[in-house]
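Novice: Sharing protein_28.cif, mmCIF, C-alpha atoms and all ligand atoms:
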data_model
loop_
_atom_site.label_atom_id
_atom_site.label_comp_id
_atom_site.auth_asym_id
_atom_site.auth_seq_id
_atom_site.Cartn_x
_atom_site.Cartn_y
_atom_site.Cartn_z
CA MET U 1 27.25 2.33 0.89
CA ARG U 2 26.48 1.43 -2.71
CA ILE U 3 25.74 -2.01 -4.09
CA ASP U 4 28.91 -1.68 -6.15
CA ASP U 5 30.90 -1.41 -2.91
CA ILE U 6 29.41 -4.72 -1.75
CA ARG U 7 30.31 -6.34 -5.06
CA GLN U 8 33.89 -5.09 -4.73
CA ARG U 9 34.14 -6.42 -1.17
CA LEU U 10 32.94 -9.81 -2.34
CA ARG U 11 35.38 -9.88 -5.25
CA ALA U 12 38.22 -8.90 -2.94
CA SER U 13 37.33 -11.95 -0.84
CA GLY U 14 37.60 -14.21 -3.86
CA ALA U 15 34.00 -14.27 -5.07
CA LYS U 16 33.37 -15.21 -8.68
CA PRO U 17 30.28 -13.80 -10.44
CA CYS U 18 28.19 -16.85 -9.46
CA HIS U 19 29.17 -16.42 -5.77
CA GLU U 20 28.44 -12.71 -5.91
CA GLN U 21 25.03 -13.50 -7.34
CA ARG U 22 24.27 -16.03 -4.58
CA VAL U 23 25.27 -13.66 -1.78
CA LEU U 24 23.28 -10.74 -3.22
CA ARG U 25 20.28 -12.98 -3.80
CA ALA U 26 20.42 -14.19 -0.21
CA TRP U 27 20.76 -10.63 1.11
CA THR U 28 17.88 -9.16 -0.91
CA GLN U 29 15.67 -12.07 0.13
CA ALA U 30 16.58 -11.66 3.82
CA LEU U 31 18.24 -15.11 3.98
CA PRO U 32 21.61 -16.03 5.57
CA LEU U 33 24.37 -14.81 3.23
CA ASP U 34 26.26 -18.10 3.34
CA GLY U 35 23.24 -20.12 2.21
CA GLY U 36 23.09 -21.77 5.65
CA GLN U 37 25.88 -23.63 7.45
CA SER U 38 25.14 -26.97 5.83
CA ARG U 39 25.47 -25.61 2.29
CA SER U 40 28.15 -22.96 2.51
CA GLU U 41 31.03 -25.41 1.90
CA ASP U 42 29.50 -26.38 -1.45
CA PHE U 43 28.60 -22.81 -2.24
CA PHE U 44 31.70 -20.76 -1.58
CA PRO U 45 35.53 -20.92 -1.61
CA ALA U 46 37.17 -20.83 1.84
CA PRO U 47 38.41 -17.19 1.78
CA LEU U 48 34.94 -15.96 0.89
CA ARG U 49 33.35 -18.09 3.62
CA ALA U 50 35.76 -16.55 6.08
CA GLY U 51 34.90 -13.02 4.93
CA LEU U 52 31.12 -13.40 4.86
CA PRO U 53 30.38 -12.88 8.58
CA ALA U 54 32.05 -9.45 8.50
CA ILE U 55 30.16 -8.49 5.35
CA ALA U 56 26.91 -9.72 6.92
CA THR U 57 27.57 -7.56 9.98
CA GLU U 58 28.18 -4.51 7.79
CA LEU U 59 25.00 -5.07 5.79
CA ALA U 60 22.96 -5.57 8.96
CA ALA U 61 24.32 -2.27 10.30
CA LEU U 62 23.01 -0.32 7.28
CA ALA U 63 19.53 0.05 8.73
CA HIS U 64 17.36 -1.11 11.59
CA VAL U 65 13.75 -0.50 12.59
CA ARG U 66 13.61 2.15 15.30
CA SER U 67 9.84 1.93 15.69
CA GLU U 68 6.82 0.40 14.00
CA HIS U 69 3.40 2.04 13.86
CA ALA U 70 0.55 -0.29 12.97
CA GLY U 71 -2.44 0.90 11.02
CA GLU U 72 -5.46 -0.54 9.24
CA ASP U 73 -4.07 -0.29 5.73
CA GLY U 74 -0.39 -0.79 6.40
CA ALA U 75 2.35 -0.32 8.96
CA ARG U 76 4.80 2.53 8.93
CA LEU U 77 8.40 1.75 9.88
CA LEU U 78 10.76 4.40 11.13
CA VAL U 79 14.10 3.12 9.85
CA GLU U 80 17.32 4.32 11.46
CA LEU U 81 20.42 4.42 9.27
CA ALA U 82 23.99 3.81 10.42
CA ASP U 83 24.68 7.54 10.94
CA GLY U 84 21.57 8.00 13.09
CA GLN U 85 19.46 9.63 10.37
CA ALA U 86 15.97 8.22 9.98
CA VAL U 87 13.70 7.56 7.01
CA GLU U 88 10.28 5.98 6.63
CA SER U 89 9.19 2.77 4.92
CA VAL U 90 5.57 1.70 4.70
CA LEU U 91 4.36 -1.90 4.54
CA LEU U 92 1.49 -1.65 2.07
CA PRO U 93 -1.41 -4.04 1.49
CA ARG U 94 -0.98 -6.85 -1.05
CA ASP U 95 2.71 -7.45 -0.30
CA GLY U 96 3.76 -3.93 -1.25
CA LEU U 97 6.44 -1.77 0.33
CA CYS U 98 7.05 1.96 -0.04
CA VAL U 99 10.70 2.96 0.45
CA SER U 100 12.53 6.26 0.91
CA THR U 101 15.33 7.38 -1.39
CA GLN U 102 16.63 10.48 0.42
CA VAL U 103 16.73 11.92 3.92
CA GLY U 104 14.57 14.99 3.36
CA CYS U 105 13.82 16.30 -0.11
CA ALA U 106 14.76 19.35 -2.16
CA VAL U 107 11.52 19.66 -4.15
CA GLY U 108 9.72 21.40 -1.29
CA CYS U 109 6.11 20.51 -2.19
CA ALA U 110 3.87 22.92 -0.33
CA PHE U 111 1.73 20.14 1.18
CA CYS U 112 4.55 17.80 2.25
CA MET U 113 6.26 17.46 5.61
CA THR U 114 9.41 15.89 4.15
CA GLY U 115 10.08 18.87 1.93
CA ARG U 116 10.13 21.34 4.82
CA ASP U 117 13.72 20.80 5.91
CA GLY U 118 15.12 20.47 2.39
CA LEU U 119 17.53 17.70 1.46
CA LEU U 120 19.69 16.37 4.30
CA ARG U 121 21.45 13.60 2.41
CA GLN U 122 21.15 10.99 -0.32
CA LEU U 123 20.57 7.35 0.49
CA GLY U 124 23.14 4.95 -0.94
CA SER U 125 21.75 2.18 -3.15
CA ALA U 126 22.53 -0.37 -0.42
CA GLU U 127 20.50 1.67 2.11
CA ILE U 128 17.55 1.67 -0.28
CA VAL U 129 17.74 -2.11 -0.69
CA ALA U 130 18.26 -2.50 3.07
CA GLN U 131 14.72 -1.17 3.61
CA VAL U 132 13.42 -4.04 1.47
CA VAL U 133 15.55 -6.53 3.40
CA LEU U 134 14.17 -5.22 6.71
CA ALA U 135 10.60 -5.50 5.43
CA ARG U 136 11.25 -9.00 4.09
CA SER U 137 12.51 -10.09 7.46
CA ARG U 138 8.96 -9.28 8.66
CA ARG U 139 6.80 -10.45 5.78
CA VAL U 140 6.61 -11.14 2.03
CA VAL U 141 7.39 -8.22 -0.32
CA ARG U 142 6.48 -8.57 -4.00
CA LYS U 143 6.15 -4.94 -4.97
CA VAL U 144 8.35 -1.95 -4.15
CA VAL U 145 7.29 1.64 -4.78
CA PHE U 146 9.89 4.42 -4.56
CA MET U 147 7.42 6.89 -3.13
CA GLY U 148 8.60 7.49 0.41
CA MET U 149 10.76 10.38 1.54
CA GLY U 150 12.75 12.02 -1.24
CA GLU U 151 12.60 12.56 -4.99
CA PRO U 152 14.11 9.49 -6.73
CA ALA U 153 15.11 11.58 -9.76
CA HIS U 154 17.45 13.57 -7.50
CA ASN U 155 19.28 10.38 -6.49
CA LEU U 156 19.06 8.66 -9.82
CA ASP U 157 22.23 6.54 -9.85
CA ASN U 158 21.53 5.02 -6.44
CA VAL U 159 17.84 4.41 -7.14
CA LEU U 160 18.54 2.79 -10.51
CA GLU U 161 21.24 0.61 -8.96
CA ALA U 162 18.76 -0.52 -6.28
CA ILE U 163 16.11 -1.18 -8.94
CA GLY U 164 18.62 -3.17 -10.98
CA LEU U 165 19.36 -5.46 -8.01
CA LEU U 166 15.76 -5.82 -6.83
CA GLY U 167 14.59 -6.67 -10.34
CA THR U 168 17.20 -9.43 -10.72
CA GLU U 169 18.55 -11.08 -7.55
CA GLY U 170 15.73 -9.54 -5.52
CA GLY U 171 13.19 -11.49 -7.57
CA ILE U 172 10.72 -8.61 -7.96
CA GLY U 173 8.85 -8.35 -11.25
CA HIS U 174 9.89 -5.25 -13.20
CA LYS U 175 6.40 -3.80 -13.38
CA ASN U 176 6.19 -4.24 -9.59
CA LEU U 177 9.04 -1.79 -9.12
CA VAL U 178 7.46 1.65 -9.31
CA PHE U 179 9.67 4.70 -9.80
CA SER U 180 7.76 7.74 -8.58
CA THR U 181 8.81 11.23 -9.64
CA VAL U 182 7.62 14.79 -9.97
CA GLY U 183 8.95 14.59 -13.54
CA ASP U 184 12.51 15.14 -14.66
CA ARG U 185 13.89 14.81 -18.17
CA ARG U 186 16.81 12.68 -16.95
CA VAL U 187 14.32 10.03 -15.82
CA PHE U 188 12.90 9.69 -19.33
CA GLU U 189 16.42 9.38 -20.74
CA ARG U 190 17.80 6.89 -18.20
CA LEU U 191 14.90 4.55 -17.39
CA PRO U 192 14.50 3.16 -20.92
CA GLN U 193 18.24 2.29 -20.98
CA GLY U 194 18.19 -0.04 -17.96
CA ASN U 195 17.97 -3.83 -18.08
CA VAL U 196 15.29 -3.54 -15.43
CA LYS U 197 12.66 -1.07 -16.56
CA PRO U 198 10.39 -0.10 -13.67
CA ALA U 199 6.83 1.12 -13.91
CA LEU U 200 6.50 4.89 -13.61
CA ALA U 201 4.34 7.05 -11.36
CA LEU U 202 4.20 10.77 -12.16
CA SER U 203 3.07 13.30 -9.56
CA LEU U 204 0.87 15.60 -11.60
CA HIS U 205 -1.38 17.21 -8.91
CA THR U 206 -2.72 19.84 -11.34
CA THR U 207 -3.05 20.46 -15.07
CA ARG U 208 -2.23 24.17 -14.58
CA ALA U 209 1.47 24.94 -15.05
CA ALA U 210 1.39 28.05 -12.83
CA LEU U 211 -0.32 26.23 -9.96
CA ARG U 212 2.07 23.29 -10.35
CA ALA U 213 5.02 25.67 -9.94
CA LYS U 214 3.48 26.93 -6.69
CA LEU U 215 2.64 23.51 -5.31
CA MET U 216 6.00 21.99 -6.29
CA PRO U 217 8.33 24.98 -6.24
CA ARG U 218 11.59 23.21 -7.08
CA ALA U 219 10.30 20.57 -9.49
CA PRO U 220 11.71 20.90 -13.02
CA ARG U 221 9.57 23.25 -15.08
CA ILE U 222 7.93 20.83 -17.49
CA ASP U 223 4.51 21.76 -18.77
CA PRO U 224 1.88 19.18 -17.70
CA ALA U 225 1.04 18.45 -21.36
CA GLU U 226 4.70 17.73 -22.15
CA LEU U 227 5.04 15.60 -19.02
CA VAL U 228 2.11 13.47 -20.12
CA GLU U 229 3.63 13.06 -23.60
CA LEU U 230 6.96 11.97 -22.11
CA GLY U 231 5.09 9.54 -19.85
CA GLU U 232 3.08 8.16 -22.75
CA THR U 233 6.24 7.37 -24.72
CA TYR U 234 7.63 5.44 -21.75
CA ALA U 235 4.33 3.63 -21.13
CA ARG U 236 4.13 2.47 -24.75
CA ALA U 237 7.79 1.39 -24.70
CA THR U 238 7.45 -0.69 -21.52
CA GLY U 239 3.86 -1.90 -21.79
CA TYR U 240 2.94 -0.61 -18.32
CA PRO U 241 0.50 2.27 -17.88
CA ILE U 242 1.70 5.48 -16.19
CA GLN U 243 0.26 5.96 -12.71
CA TYR U 244 -0.60 9.64 -12.34
CA GLN U 245 -0.62 10.78 -8.72
CA TRP U 246 -2.96 13.58 -7.74
CA THR U 247 -3.14 14.76 -4.14
CA LEU U 248 -6.62 16.26 -3.83
CA LEU U 249 -6.51 19.61 -2.00
CA ALA U 250 -9.88 21.15 -1.18
CA GLY U 251 -10.52 24.32 -3.17
CA VAL U 252 -7.13 24.10 -4.91
CA ASN U 253 -7.14 21.31 -7.50
CA ASP U 254 -10.55 19.66 -7.12
CA ASP U 255 -12.73 21.80 -9.42
CA ASP U 256 -14.41 21.30 -12.79
CA GLU U 257 -11.65 23.14 -14.62
CA GLU U 258 -9.13 20.54 -13.42
CA LEU U 259 -11.45 17.71 -14.43
CA ASP U 260 -11.70 19.16 -17.94
CA GLY U 261 -7.91 19.55 -17.99
CA ILE U 262 -7.40 15.90 -16.97
CA VAL U 263 -9.73 14.72 -19.73
CA ARG U 264 -7.88 16.89 -22.23
CA LEU U 265 -4.49 15.51 -21.18
CA LEU U 266 -5.25 11.85 -20.49
CA ALA U 267 -8.02 10.86 -22.94
CA GLY U 268 -6.72 7.96 -25.02
CA LYS U 269 -3.51 7.70 -22.99
CA TYR U 270 -2.13 4.51 -21.44
CA ALA U 271 -2.65 5.85 -17.95
CA VAL U 272 -4.30 5.43 -14.57
CA MET U 273 -5.25 8.45 -12.48
CA ASN U 274 -4.85 7.98 -8.73
CA PHE U 275 -6.73 10.49 -6.61
CA ILE U 276 -5.41 10.63 -3.05
CA PRO U 277 -7.40 12.96 -0.79
CA TYR U 278 -4.90 15.06 1.14
CA ASN U 279 -3.93 13.84 4.52
CA SER U 280 -4.15 16.94 6.68
CA VAL U 281 -0.90 18.25 8.12
CA ALA U 282 -1.12 21.08 10.64
CA GLY U 283 0.31 24.36 9.46
CA THR U 284 0.33 23.69 5.70
CA GLY U 285 -2.88 25.64 5.04
CA PHE U 286 -4.35 22.83 2.91
CA ALA U 287 -7.48 20.83 3.63
CA ARG U 288 -8.84 17.47 2.60
CA PRO U 289 -11.91 17.44 0.36
CA SER U 290 -14.83 15.21 1.39
CA TRP U 291 -14.71 11.59 0.27
CA GLU U 292 -18.05 12.11 -1.52
CA HIS U 293 -16.63 14.97 -3.58
CA ALA U 294 -13.51 12.96 -4.45
CA ALA U 295 -15.67 9.97 -5.43
CA ALA U 296 -17.83 12.19 -7.65
CA MET U 297 -14.68 13.47 -9.39
CA ALA U 298 -13.50 9.90 -9.99
CA ARG U 299 -16.92 8.90 -11.38
CA HIS U 300 -16.89 11.90 -13.71
CA LEU U 301 -13.52 10.87 -15.13
CA HIS U 302 -14.63 7.25 -15.51
CA ARG U 303 -17.60 8.39 -17.57
CA ARG U 304 -15.18 10.31 -19.79
CA GLY U 305 -13.06 7.19 -20.31
CA ILE U 306 -10.20 7.93 -17.85
CA LEU U 307 -9.41 4.99 -15.58
CA THR U 308 -9.42 6.59 -12.11
CA LYS U 309 -8.79 5.14 -8.67
CA LEU U 310 -9.59 6.83 -5.41
CA ARG U 311 -7.06 5.83 -2.77
CA HIS U 312 -6.56 6.24 0.92
CA SER U 313 -2.89 7.05 1.39
CA ALA U 314 -1.13 4.16 3.13
CA GLY U 315 -0.75 4.53 6.85
CA GLN U 316 -3.04 7.53 7.05
CA ASP U 317 -4.71 6.27 10.20
CA VAL U 318 -1.29 5.89 11.83
CA ASP U 319 -0.21 9.48 11.67
CA GLY U 320 -0.60 11.03 8.30
CA GLY U 321 1.56 11.66 5.29
CA CYS U 322 5.16 11.10 4.38
CA GLY U 323 7.71 12.60 6.71
CA GLN U 324 5.52 12.91 9.78
CA LEU U 325 7.05 10.04 11.72
CA ARG U 326 10.52 11.39 11.12
CA ALA U 327 9.43 14.88 12.03
CA ARG U 328 8.13 13.59 15.35
CA ALA U 329 11.21 11.46 15.91
CA ILE U 330 13.59 14.41 15.67
CA ALA U 331 11.38 16.62 17.84
CA PRO U 332 12.40 16.79 21.52
CA GLY U 333 11.08 13.68 23.29
CA GLY U 334 10.12 12.12 19.93
CA VAL U 335 9.34 8.48 19.06
FE1 LIG B 401 9.69 15.63 -2.01
FE2 LIG B 401 7.67 13.94 -2.55
FE3 LIG B 401 7.54 15.56 -0.43
FE4 LIG B 401 7.37 16.62 -2.85
S1 LIG B 401 5.90 15.17 -1.92
S2 LIG B 401 8.63 17.41 -1.14
S3 LIG B 401 8.76 15.29 -4.01
S4 LIG B 401 9.01 13.88 -0.73
#
Hey, can you dump this file as structure tokens for me?
Ligand code: SF4

Specialist:
Amino acid sequence: MRIDDIRQRLRASGAKPCHEQRVLRAWTQALPLDGGQSRSEDFFPAPLRAGLPAIATELAALAHVRSEHAGEDGARLLVELADGQAVESVLLPRDGLCVSTQVGCAVGCAFCMTGRDGLLRQLGSAEIVAQVVLARSRRVVRKVVFMGMGEPAHNLDNVLEAIGLLGTEGGIGHKNLVFSTVGDRRVFERLPQGNVKPALALSLHTTRAALRAKLMPRAPRIDPAELVELGETYARATGYPIQYQWTLLAGVNDDDEELDGIVRLLAGKYAVMNFIPYNSVAGTGFARPSWEHAAAMARHLHRRGILTKLRHSAGQDVDGGCGQLRARAIAPGGV
């Protein structure tokens, strides 16, 4: 279901734009759609009041939490969709939430569990927002990152529709909506056109084009230098720095040559480099570098004027990287 479908349902029940706005605001904030029994008579015309319970039931059926896995730095939710498919959301520290945009993913990154099965299906914009609603029924959410399962650029219309709603009725500040992508020219064309312009995270992982093609086999072939230039234009237009994501893989992209390449690409840019030591997944053939080595890399970049953060990936003490909960859930006898 798309958010546009919900709007049409509301209009068919007699909603005017102000009613539509109230219902969508209530939904995205995990409040009763009718504004509460005592207020609904003031809020809505009778036909709409009569139709709201059915719409509420439909929205509630979009997604539910199948299981929750607590961890030190966040809790991972396995979210079941109406057709039985499952995706992951992660409750992050500081009121953040990481949501999924697809079931599976077509990019096929060599180090990622989600990419192994390819793309199973797109999430509708309402299913993306439903993950925020579920999280908000548990706790406050002030930041949403589109960094869970899937490549948001491959489901652009739905993701932008979700961002549009979350940045308006959802009450989330635009720079607290973070669109995360491997890099796709359509993203740089479409994002600047929206009323809600999210912040942008670019998965760089290496400064070497040939290695990038191996690590991210079905990502669009954009040279890292061009990707950074495209990102810089967006950062200057929006006023938010680009968050560069770099999964540190021992012996693959954690050497001096890469550090020199990062300095060459990012010096003077409006950018933050996020190093995320790889979260080991059995059978991928990649290993996690030591924390000391990763910290030394971050210090080196700092000294060269590149703002660098070293991050634990959210939920890593629960059971590893994106896609692992789902992988276990669909295994025989899974969660
Ligand atoms: Fe897709 Fe992201 Fe996994 Fe790459 S890391 S396969 S883009 S979900």

Novice: With 5 Å on each side, where is the centre of the axis-aligned box around all listed atoms of ligand LIG 401 (chain B), and how long are its edges in Å to one decimal, as lines of an AutoDock Vina configuration file?

Specialist:
center_x = 7.8
center_y = 15.6
center_z = -2.2
size_x = 13.8
size_y = 13.5
size_z = 13.6

Novice: Go through chain U residue by residue and, counting all atoms listed in the file, keep those with an atom at most 10 Å from ligand LIG 401 (chain B); for each kept residue give the shortest atom pair and its distance in Å to one decimal, ordered by chain and increasing number, as a tab-separated table.

Specialist:
residue	atom	partner	partner_atom	distance
U:Ser100	CA	B:LIG401	S4	8.6
U:Thr101	CA	B:LIG401	S4	9.1
U:Gln102	CA	B:LIG401	S4	8.4
U:Val103	CA	B:LIG401	S4	9.2
U:Gly104	CA	B:LIG401	S4	7.0
U:Cys105	CA	B:LIG401	FE1	4.6
U:Ala106	CA	B:LIG401	FE1	6.3
U:Val107	CA	B:LIG401	S2	4.7
U:Gly108	CA	B:LIG401	S2	4.1
U:Cys109	CA	B:LIG401	S2	4.1
U:Ala110	CA	B:LIG401	S2	7.3
U:Phe111	CA	B:LIG401	S1	7.2
U:Cys112	CA	B:LIG401	FE3	4.6
U:Met113	CA	B:LIG401	FE3	6.5
U:Thr114	CA	B:LIG401	FE3	5.0
U:Gly115	CA	B:LIG401	S2	3.7
U:Arg116	CA	B:LIG401	S2	7.3
U:Asp117	CA	B:LIG401	S2	9.3
U:Gly118	CA	B:LIG401	S2	8.0
U:Leu119	CA	B:LIG401	FE1	8.8
U:Phe146	CA	B:LIG401	FE2	10.0
U:Met147	CA	B:LIG401	FE2	7.1
U:Gly148	CA	B:LIG401	S4	6.5
U:Met149	CA	B:LIG401	S4	4.5
U:Gly150	CA	B:LIG401	S4	4.2
U:Glu151	CA	B:LIG401	S3	4.8
U:Pro152	CA	B:LIG401	S3	8.3
U:Ala153	CA	B:LIG401	S3	9.3
U:His154	CA	B:LIG401	S3	9.5
U:Ser180	CA	B:LIG401	FE2	8.6
U:Thr181	CA	B:LIG401	S3	6.9
U:Val182	CA	B:LIG401	S3	6.1
U:Gly183	CA	B:LIG401	S3	9.6
U:Ser203	CA	B:LIG401	S3	8.2
U:Leu215	CA	B:LIG401	FE4	8.7
U:Met216	CA	B:LIG401	FE4	6.5
U:Pro217	CA	B:LIG401	FE4	9.1
U:Arg218	CA	B:LIG401	S2	8.8
U:Ala219	CA	B:LIG401	S3	7.8
U:Thr247	CA	B:LIG401	S1	9.3
U:Gly321	CA	B:LIG401	S1	9.1
U:Cys322	CA	B:LIG401	S4	7.0
U:Gly323	CA	B:LIG401	S4	7.7

Novice: Could you take the residues named above and write them with C-alpha atoms, as a tab-separated table (two decimals), in the frame of the given file?

Specialist:
chain	number	residue	atom	x	y	z
U	100	SER	CA	12.53	6.26	0.91
U	101	THR	CA	15.33	7.38	-1.39
U	102	GLN	CA	16.63	10.48	0.42
U	103	VAL	CA	16.73	11.92	3.92
U	104	GLY	CA	14.57	14.99	3.36
U	105	CYS	CA	13.82	16.30	-0.11
U	106	ALA	CA	14.76	19.35	-2.16
U	107	VAL	CA	11.52	19.66	-4.15
U	108	GLY	CA	9.72	21.40	-1.29
U	109	CYS	CA	6.11	20.51	-2.19
U	110	ALA	CA	3.87	22.92	-0.33
U	111	PHE	CA	1.73	20.14	1.18
U	112	CYS	CA	4.55	17.80	2.25
U	113	MET	CA	6.26	17.46	5.61
U	114	THR	CA	9.41	15.89	4.15
U	115	GLY	CA	10.08	18.87	1.93
U	116	ARG	CA	10.13	21.34	4.82
U	117	ASP	CA	13.72	20.80	5.91
U	118	GLY	CA	15.12	20.47	2.39
U	119	LEU	CA	17.53	17.70	1.46
U	146	PHE	CA	9.89	4.42	-4.56
U	147	MET	CA	7.42	6.89	-3.13
U	148	GLY	CA	8.60	7.49	0.41
U	149	MET	CA	10.76	10.38	1.54
U	150	GLY	CA	12.75	12.02	-1.24
U	151	GLU	CA	12.60	12.56	-4.99
U	152	PRO	CA	14.11	9.49	-6.73
U	153	ALA	CA	15.11	11.58	-9.76
U	154	HIS	CA	17.45	13.57	-7.50
U	180	SER	CA	7.76	7.74	-8.58
U	181	THR	CA	8.81	11.23	-9.64
U	182	VAL	CA	7.62	14.79	-9.97
U	183	GLY	CA	8.95	14.59	-13.54
U	203	SER	CA	3.07	13.30	-9.56
U	215	LEU	CA	2.64	23.51	-5.31
U	216	MET	CA	6.00	21.99	-6.29
U	217	PRO	CA	8.33	24.98	-6.24
U	218	ARG	CA	11.59	23.21	-7.08
U	219	ALA	CA	10.30	20.57	-9.49
U	247	THR	CA	-3.14	14.76	-4.14
U	321	GLY	CA	1.56	11.66	5.29
U	322	CYS	CA	5.16	11.10	4.38
U	323	GLY	CA	7.71	12.60	6.71

Novice: Which residue, U:Leu156, U:Leu120, U:Leu191, U:Val252, has the smallest gap to Leu211 in chain U when you use all atoms listed in the file?

Specialist: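 With all atoms listed in the file as the atom set, the closest residue is U:Val252.
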
Novice: Could you work out how far CA of Gly96 in chain U lies from CA of Asn176 in chain U, giving the answer in Å with one decimal?

Specialist: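 For CA of Asn176 in chain U relative to CA of Gly96 in chain U, the distance reads 8.7 Å.
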
Novice: Tell me which of U:Pro93, U:Gly261, U:Gly231, U:Gly14 sits closest to Ala50 in chain U, counting only C-alpha atoms.

Specialist: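 Of U:Pro93, U:Gly261, U:Gly231, U:Gly14, the one nearest Ala50 in chain U is U:Gly14, counting only C-alpha atoms.
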
Novice: Just want the 12 Å neighbourhood of Ile128 in chain U, counted on all atoms listed in the file, with same-chain residues fewer than 5 positions away dropped. Output as a PyMOL selection string.

Specialist: chain U and resi 1-3+28+59+62-63+79+81+87-89+97-103+122-123+133-135+144-150+152+155-166

Novice: What's the 12 Å shell around Arg136 in chain U, counting all atoms listed in the file, without same-chain residues fewer than 2 positions away, as a ChimeraX atom specification?

Specialist: /U:26-31,89,91,95-97,129-134,138-144,170

Novice: Have a look at CA of Tyr240 in chain U and CA of Lys175 in chain U and let me know their distance in Å, one decimal.

Specialist: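 CA of Lys175 in chain U lies at a distance of 6.8 Å from CA of Tyr240 in chain U.
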
Novice: To one decimal place, how far is CA of Leu265 in chain U from CA of Ala201 in chain U in Å?

Specialist: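 Going from CA of Leu265 in chain U over to CA of Ala201 in chain U covers 15.7 Å.
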